[in-house]
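*Asks:* Pasting in a structure now, in structure tokens, and then I'll have a few things to ask.
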Amino acid sequence: MLALVFLVPLGWFFFHTLFIDTDPSDLWDQIASVLTSRAMLQAIVTTNWISLLVTATVLLMGYPIAYYLANHNGLRFTLVLFCIIVPYFTSIIVRTYSWMVLLGREGLINQALRHLGLIDTPLPLLYNQLSIVIGMTYVLLPYVVLTLFAAMKAIDRTLLLAARGMGASGPMIFWRVYLPLSRHGVISGALIVFILSIGFFITPALMGGPSDVMVAMLIERSVEITLDWAGAAVMSLFLLVVTLILYAIYYRVTDVRRLMGAT
Amino acid sequence: MACVLSMYVGLICLLLMAPIVIVVILAFSGANYLQFPPTSYSLHWFARFLGDPQWQGSLWYSLEIGIVACVVATVVGFFAAYAFVRRNIAGKKLLLSLLLLPIIVPTVITSIAMYFLSARLHLVGNLFWVGICHAVIALPVVLLILLSSLQGVDVNLERAALSLGASRTRLFLRVVVPLAAPGIISAALFAFLASFDELIIALFLTGVRAETLPVRIWNSLHMEIEPTIAAVSAFLIGVTALVLLIDGLLRGRRAATMKTQR
Amino acid sequence: MSAAPLPQGGKGALELDGLTKRYGDERVVDAVSASIRPGEFFSLLGPSGSGKTTTLMMIAGFVVPDGGAIRVDDADLTRVPPQRRGLGMVFQNYAIFPHLNVFENVAFPLRARHVAEAELRVRVQAALELVRLQRFAERYARQLSGGQQQRVAIARAIVFHPSIVLMDEPLGALDKNLRYEMQVEIKDIQQRLGMTVVYVTHDQEEAMNMSDRIAIMNHGRIEQLGPPGEIYERPSNAFVARFLGEANLIEGTIERIADGQAELRTRDGVLLRAQVKRAAVGQAAALFVRPELLAFGAGAGNRVEGTVRRRSFLGSTIRTVVEVGPTTHLTIDLPNQGTGGGPGVGAHVTASWPVVHSQILLD
């Protein structure tokens, strides 16, 4: 009886996606034309590029923070955690809006710089790839920090002590011992961020320029504007398949690694 | 080296909180346009927000949908989590990751899928339907919280209650729910929050007549970056902060109840 | 949906008929049968993993048996869910509801049976008085000691007058002195209320102290069932002999059998005599005798000689280990009479015991 309650929402998704596909008749031609259309290819490139950028940025920025969290506790821990969690739970629209406020031509950063006399004309900080990356990094940082934190907590302290006992210096311990041990956390974090960023829609839509189109945005446009259901269906399926494949990889990586970490 | 790290972390924390804090401060600004730091302070943007019938309508709409989503997600999540914890279901790991799918699948896709189905069933714009769809999104979080909460309830307590003659209903109402209460409330709060803040699904499913708060913001943003939006945003931030605060307090109670059980 | 528990008022006869439970290929409980009389204090005794707790869980209804039946006063309960069986139960970790105070905990089963408020109050009071906790009614679990929590658990389990109460190692978490006190209290309550008790424990002293009959379990099977004295003095096999207190088991071969007595030639060549029930000449067997029934000196019956290897002071007993042959050691227990008596290490001694105190045991 209770198992039924599980299956209902699950059936939801797959049911729905199947429903969409009742439209197209010449499936293969449709798929091919949509997927190879200029807009789509461009979007795929943009999406991948931005997602990779964001993933890299987020990893670089987030690693030290996770490290800090894993090695401190008490008040500092709570404070830092607080700063991570509050943005995480704030509505995405509010977060995006706040960055728009900051980066716009009449935005706060430009105002401040103008005030200080550092520039004369406003910097084009908004409506380009830079702003998209900034916005998405802001949203996705908590995911990476939390994933890395969990992985780092699992690292056995005594291994580090042993390395020190053998005469290794600080930096060497970090590069040769700690970093490799945190490897699976890095991979998990990277995967999660990448998976999430290829599906991003709101942030690039609001903060990107006219030429910066990501796949999710294309899908939305197909539905809302051009009413091209078939096209939207195909693109969605493509995105979904890619996402699920990546998710399957993620699932494997986290489980297998966890087993390995236990030995 | 450790010094540099601390400074870096401090900087990032500031950067993380800055946008949110700035928006809140802006909402209290007295000027007619965006200006930081504000030269004067007033509540007039909030007045504009709460006085405008359209914003008000959005607020109510969001609240109603939020409550529906909250109730549905919490009830369904509770029974699902209970079944998970107490019964031996095959392939738990797999089932669990399947249940986390709503978070992984890009929301756009699920939104248009839902939209498609809703259009067929003429449910676009139906309040309860949007609430239920939101509940689906909120379910993973609810499940995670309730799973951990229910695992903390000693199974012997349930056995004792049964051995003493309690019916299943009594068992749930008088034993399981009170003991898992902090977790249930937290889960409900987060479900509500997930719905209240949610944009994409609402965008597709609410139709033209009524808009939720986030949808309204989205539509307004395409037109101009007006400070009223700042006030609305500040309001949303406030709700988020409130939920987090209550959850933090409940976490303390949760730990305490678990300690008295052996 | 009728979810009311079965009515009380039965006599409390419990019949276990071939109960079996398998986990995978392993038979955790293997065809366990017993007829427990109303008002009897019945213990399931055995090492961990012997299946005693699983058996109790089947009686309670939390584990579904793979085979066999459970009958209470001729009613078949095998398929009845636990909340309708009307049996009281006390757990090892007390399972006191932390969100209810003592009064509400004890009142719980009465509320589940929709007992009227006035009567409920009276009965809860009575139960609390029985366990001497009447002044603790307002307290919560975290304000009570382990022993007090256990008494609340007992009060709660008996307040609705079940005819049978199940106890799963209830005193396991208490320290030794408290345990002995509680044993006496539990036995006292049981006799006053006249209920049947099925008691699971791994502590043989506890079982012998409290029980009318004991069932010793090993690997899912009942090895022996009977009153404590009978099991202690006449164990049916080596496992039972060793499990209940100290046992001397001298291995050898049977040479002659006549009139219920057998002659056993030990590995070291000594000839000894013992009671025997069922054995064949030439069989490998062990001679069993309790350490406290041996005496130093050349008395009648079996006689052996050896050297004292070890002396232990156990408080009320002085335990001596004597080597009577290259492979045979005898443990002799003497009461501590305050004289520091008994031979010292290295002394050459003779030990003896009446034939009737020893038994042939086959494995």
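Letters for chains follow the order of the structure tokens (A, B, ...), residue numbers begin at 1 for each chain, and ligand numbers begin at 1 in the order shown.
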Write down, as a list of chain:residue names, each residue of chain C that has any atom within 7 Å of an atom of chain B, counting only C-alpha atoms.

*Replies:*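 The answer, sorted by residue number, is C:Ala3, C:Pro5, C:Pro82, C:Gln83, C:Arg84, C:Gly86, C:Leu87, C:Gly88, C:Met89, C:Asn93, C:Ala95, C:Ile96, C:Phe97, C:Pro98, C:His99, C:Pro109, C:Ala112, C:Arg142, C:Ala157.
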
*Asks:* Can you write out the residues you just picked, keeping N, CA and C atoms, as a PDB file, in the first residue's frame?

*Replies:*
ATOM      1  N   ALA C   3     -10.074  -3.284  15.966  1.00  0.00           N
ATOM      2  CA  ALA C   3      -8.672  -3.373  16.368  1.00  0.00           C
ATOM      3  C   ALA C   3      -8.541  -3.593  17.853  1.00  0.00           C
ATOM      4  N   PRO C   5      -7.994  -5.319  21.387  1.00  0.00           N
ATOM      5  CA  PRO C   5      -7.226  -6.497  21.829  1.00  0.00           C
ATOM      6  C   PRO C   5      -8.166  -7.584  22.323  1.00  0.00           C
ATOM      7  N   PRO C  82       0.235  -8.314  16.664  1.00  0.00           N
ATOM      8  CA  PRO C  82       0.640  -8.144  18.064  1.00  0.00           C
ATOM      9  C   PRO C  82      -0.332  -7.308  18.880  1.00  0.00           C
ATOM     10  N   GLN C  83      -0.934  -6.295  18.275  1.00  0.00           N
ATOM     11  CA  GLN C  83      -1.759  -5.429  19.103  1.00  0.00           C
ATOM     12  C   GLN C  83      -3.065  -6.085  19.502  1.00  0.00           C
ATOM     13  N   ARG C  84      -3.354  -7.263  18.963  1.00  0.00           N
ATOM     14  CA  ARG C  84      -4.586  -7.928  19.357  1.00  0.00           C
ATOM     15  C   ARG C  84      -4.347  -9.174  20.178  1.00  0.00           C
ATOM     16  N   GLY C  86      -3.035  -9.287  23.299  1.00  0.00           N
ATOM     17  CA  GLY C  86      -3.295  -9.103  24.725  1.00  0.00           C
ATOM     18  C   GLY C  86      -2.233  -9.666  25.638  1.00  0.00           C
ATOM     19  N   LEU C  87      -0.979  -9.670  25.186  1.00  0.00           N
ATOM     20  CA  LEU C  87       0.113 -10.146  26.048  1.00  0.00           C
ATOM     21  C   LEU C  87       0.896  -8.941  26.539  1.00  0.00           C
ATOM     22  N   GLY C  88       1.338  -8.996  27.779  1.00  0.00           N
ATOM     23  CA  GLY C  88       2.170  -7.914  28.273  1.00  0.00           C
ATOM     24  C   GLY C  88       3.605  -8.138  27.826  1.00  0.00           C
ATOM     25  N   MET C  89       4.368  -7.063  27.663  1.00  0.00           N
ATOM     26  CA  MET C  89       5.762  -7.248  27.248  1.00  0.00           C
ATOM     27  C   MET C  89       6.690  -6.227  27.881  1.00  0.00           C
ATOM     28  N   ASN C  93      15.581  -2.573  26.841  1.00  0.00           N
ATOM     29  CA  ASN C  93      15.900  -1.154  26.955  1.00  0.00           C
ATOM     30  C   ASN C  93      14.689  -0.344  27.437  1.00  0.00           C
ATOM     31  N   ALA C  95      11.949   0.771  26.796  1.00  0.00           N
ATOM     32  CA  ALA C  95      10.987   1.305  25.829  1.00  0.00           C
ATOM     33  C   ALA C  95       9.914   2.166  26.486  1.00  0.00           C
ATOM     34  N   ILE C  96      10.315   3.004  27.403  1.00  0.00           N
ATOM     35  CA  ILE C  96       9.383   3.950  28.016  1.00  0.00           C
ATOM     36  C   ILE C  96       9.192   5.100  27.034  1.00  0.00           C
ATOM     37  N   PHE C  97       7.947   5.500  26.814  1.00  0.00           N
ATOM     38  CA  PHE C  97       7.685   6.596  25.891  1.00  0.00           C
ATOM     39  C   PHE C  97       8.255   7.878  26.479  1.00  0.00           C
ATOM     40  N   PRO C  98       9.239   8.469  25.784  1.00  0.00           N
ATOM     41  CA  PRO C  98       9.901   9.639  26.361  1.00  0.00           C
ATOM     42  C   PRO C  98       9.018  10.883  26.386  1.00  0.00           C
ATOM     43  N   HIS C  99       8.000  10.912  25.553  1.00  0.00           N
ATOM     44  CA  HIS C  99       7.198  12.123  25.490  1.00  0.00           C
ATOM     45  C   HIS C  99       5.997  12.080  26.432  1.00  0.00           C
ATOM     46  N   PRO C 109      -1.946   1.494  27.878  1.00  0.00           N
ATOM     47  CA  PRO C 109      -2.750   0.345  27.438  1.00  0.00           C
ATOM     48  C   PRO C 109      -4.211   0.475  27.833  1.00  0.00           C
ATOM     49  N   ALA C 112      -5.821   2.701  25.345  1.00  0.00           N
ATOM     50  CA  ALA C 112      -6.012   1.994  24.078  1.00  0.00           C
ATOM     51  C   ALA C 112      -7.250   1.111  24.147  1.00  0.00           C
ATOM     52  N   ARG C 142      13.540  10.640  31.315  1.00  0.00           N
ATOM     53  CA  ARG C 142      14.909  11.117  31.491  1.00  0.00           C
ATOM     54  C   ARG C 142      15.219  11.476  32.940  1.00  0.00           C
ATOM     55  N   ALA C 157       3.148  -3.024  31.762  1.00  0.00           N
ATOM     56  CA  ALA C 157       2.847  -4.302  31.117  1.00  0.00           C
ATOM     57  C   ALA C 157       1.794  -5.097  31.855  1.00  0.00           C
TER      58      ALA C 157
END

*Asks:* Could you give me, as a tab-separated table, a per-residue list for chain B showing, wherever an atom lies at most 6 Å from an atom of chain A, the closest pair of atoms and their distance in Å to one decimal, using only C-alpha atoms and sorting by chain then residue number from low to high?

*Replies:*
residue	atom	partner	partner_atom	distance
B:Val9	CA	A:Ile65	CA	5.8
B:Cys13	CA	A:Cys83	CA	5.6
B:Pro19	CA	A:Ser98	CA	5.4
B:Pro106	CA	A:Gly199	CA	4.7
B:Ile109	CA	A:Ser236	CA	5.9
B:Ala113	CA	A:His16	CA	5.1
B:Asp197	CA	A:Ser91	CA	4.7
B:Ser233	CA	A:Val94	CA	5.5

*Asks:* Which residues come within 10 Å of Ile44 of chain A, counting only C-alpha atoms, excluding same-chain residues fewer than 2 positions away, as a list of chain:residue names?

*Replies:*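 My reading of the contact set: A:Leu35, A:Arg38, A:Ala39, A:Met40, A:Leu41, A:Gln42, A:Thr46, A:Thr47, A:Asn48, A:Trp49, A:Ile50, A:Ile198, A:Val213, A:Met214, A:Val215, A:Ala216, A:Leu218, A:Leu239.
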
*Asks:* How would the residues just chosen look if you wrote them out with C-alpha atoms as a compact mmCIF listing (two decimals), in the first residue's frame?

*Replies:*
# COMPACT_ATOMS: atom_id res chain seq x y z
CA LEU A 35 19.19 18.65 -33.09
CA ARG A 38 21.88 26.15 -35.89
CA ALA A 39 20.17 27.40 -32.79
CA MET A 40 20.40 24.04 -31.08
CA LEU A 41 24.03 23.44 -31.90
CA GLN A 42 24.95 26.90 -30.80
CA THR A 46 27.25 27.62 -25.17
CA THR A 47 25.76 25.38 -22.53
CA ASN A 48 28.78 23.14 -22.36
CA TRP A 49 31.20 26.00 -22.33
CA ILE A 50 29.42 27.89 -19.59
CA ILE A 198 23.36 22.29 -18.01
CA VAL A 213 21.47 31.04 -25.29
CA MET A 214 21.54 27.86 -23.26
CA VAL A 215 19.64 24.73 -24.12
CA ALA A 216 17.09 25.13 -21.37
CA LEU A 218 15.76 27.26 -26.11
CA LEU A 239 18.72 17.15 -22.37

*Asks:* Based on DSSP run over this structure's backbone, return all residues of segment 7-214 of chain C in helix (DSSP H, G or I), as a PyMOL selection string.

*Replies:* chain C and resi 52-60+82-84+102-112+117-130+134-136+141-143+146-158+176-193+204-210

*Asks:* Give me, as a list in words, all polymer residues having an atom no more than 7 Å from segment 191-195 of chain C, counting only C-alpha atoms and skipping those fewer than 5 positions away in the same chain.

*Replies:* Gly12, Pro38, Gly39, Ser163 and Ile164 of chain C

*Asks:* Suppose we keep C-alpha atoms; can you now write the selection as a compact mmCIF listing (two decimals), in the first residue's frame?

*Replies:*
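Saved as selection02.txt:
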# COMPACT_ATOMS: atom_id res chain seq x y z
CA GLY C 12 -2.71 -18.05 30.75
CA PRO C 38 -0.98 -20.99 33.77
CA GLY C 39 0.79 -19.02 36.47
CA SER C 163 -2.71 -13.44 31.67
CA ILE C 164 0.73 -13.81 30.12

*Asks:* Within 9 Å of segment 178-183 of chain C, counting only C-alpha atoms, which residues show up once you throw out same-chain ones fewer than 6 positions away? Write them as a PyMOL selection string, please.

*Replies:* chain C and resi 147+151+171-172+206+209-210

*Asks:* Run DSSP on the backbone of this structure and report the residues of segment 104-240 of chain C it assigns to strand (DSSP E or B), as number ranges by chain.

*Replies:* C: 140, 164-168, 196-201, 213-218, 221-226
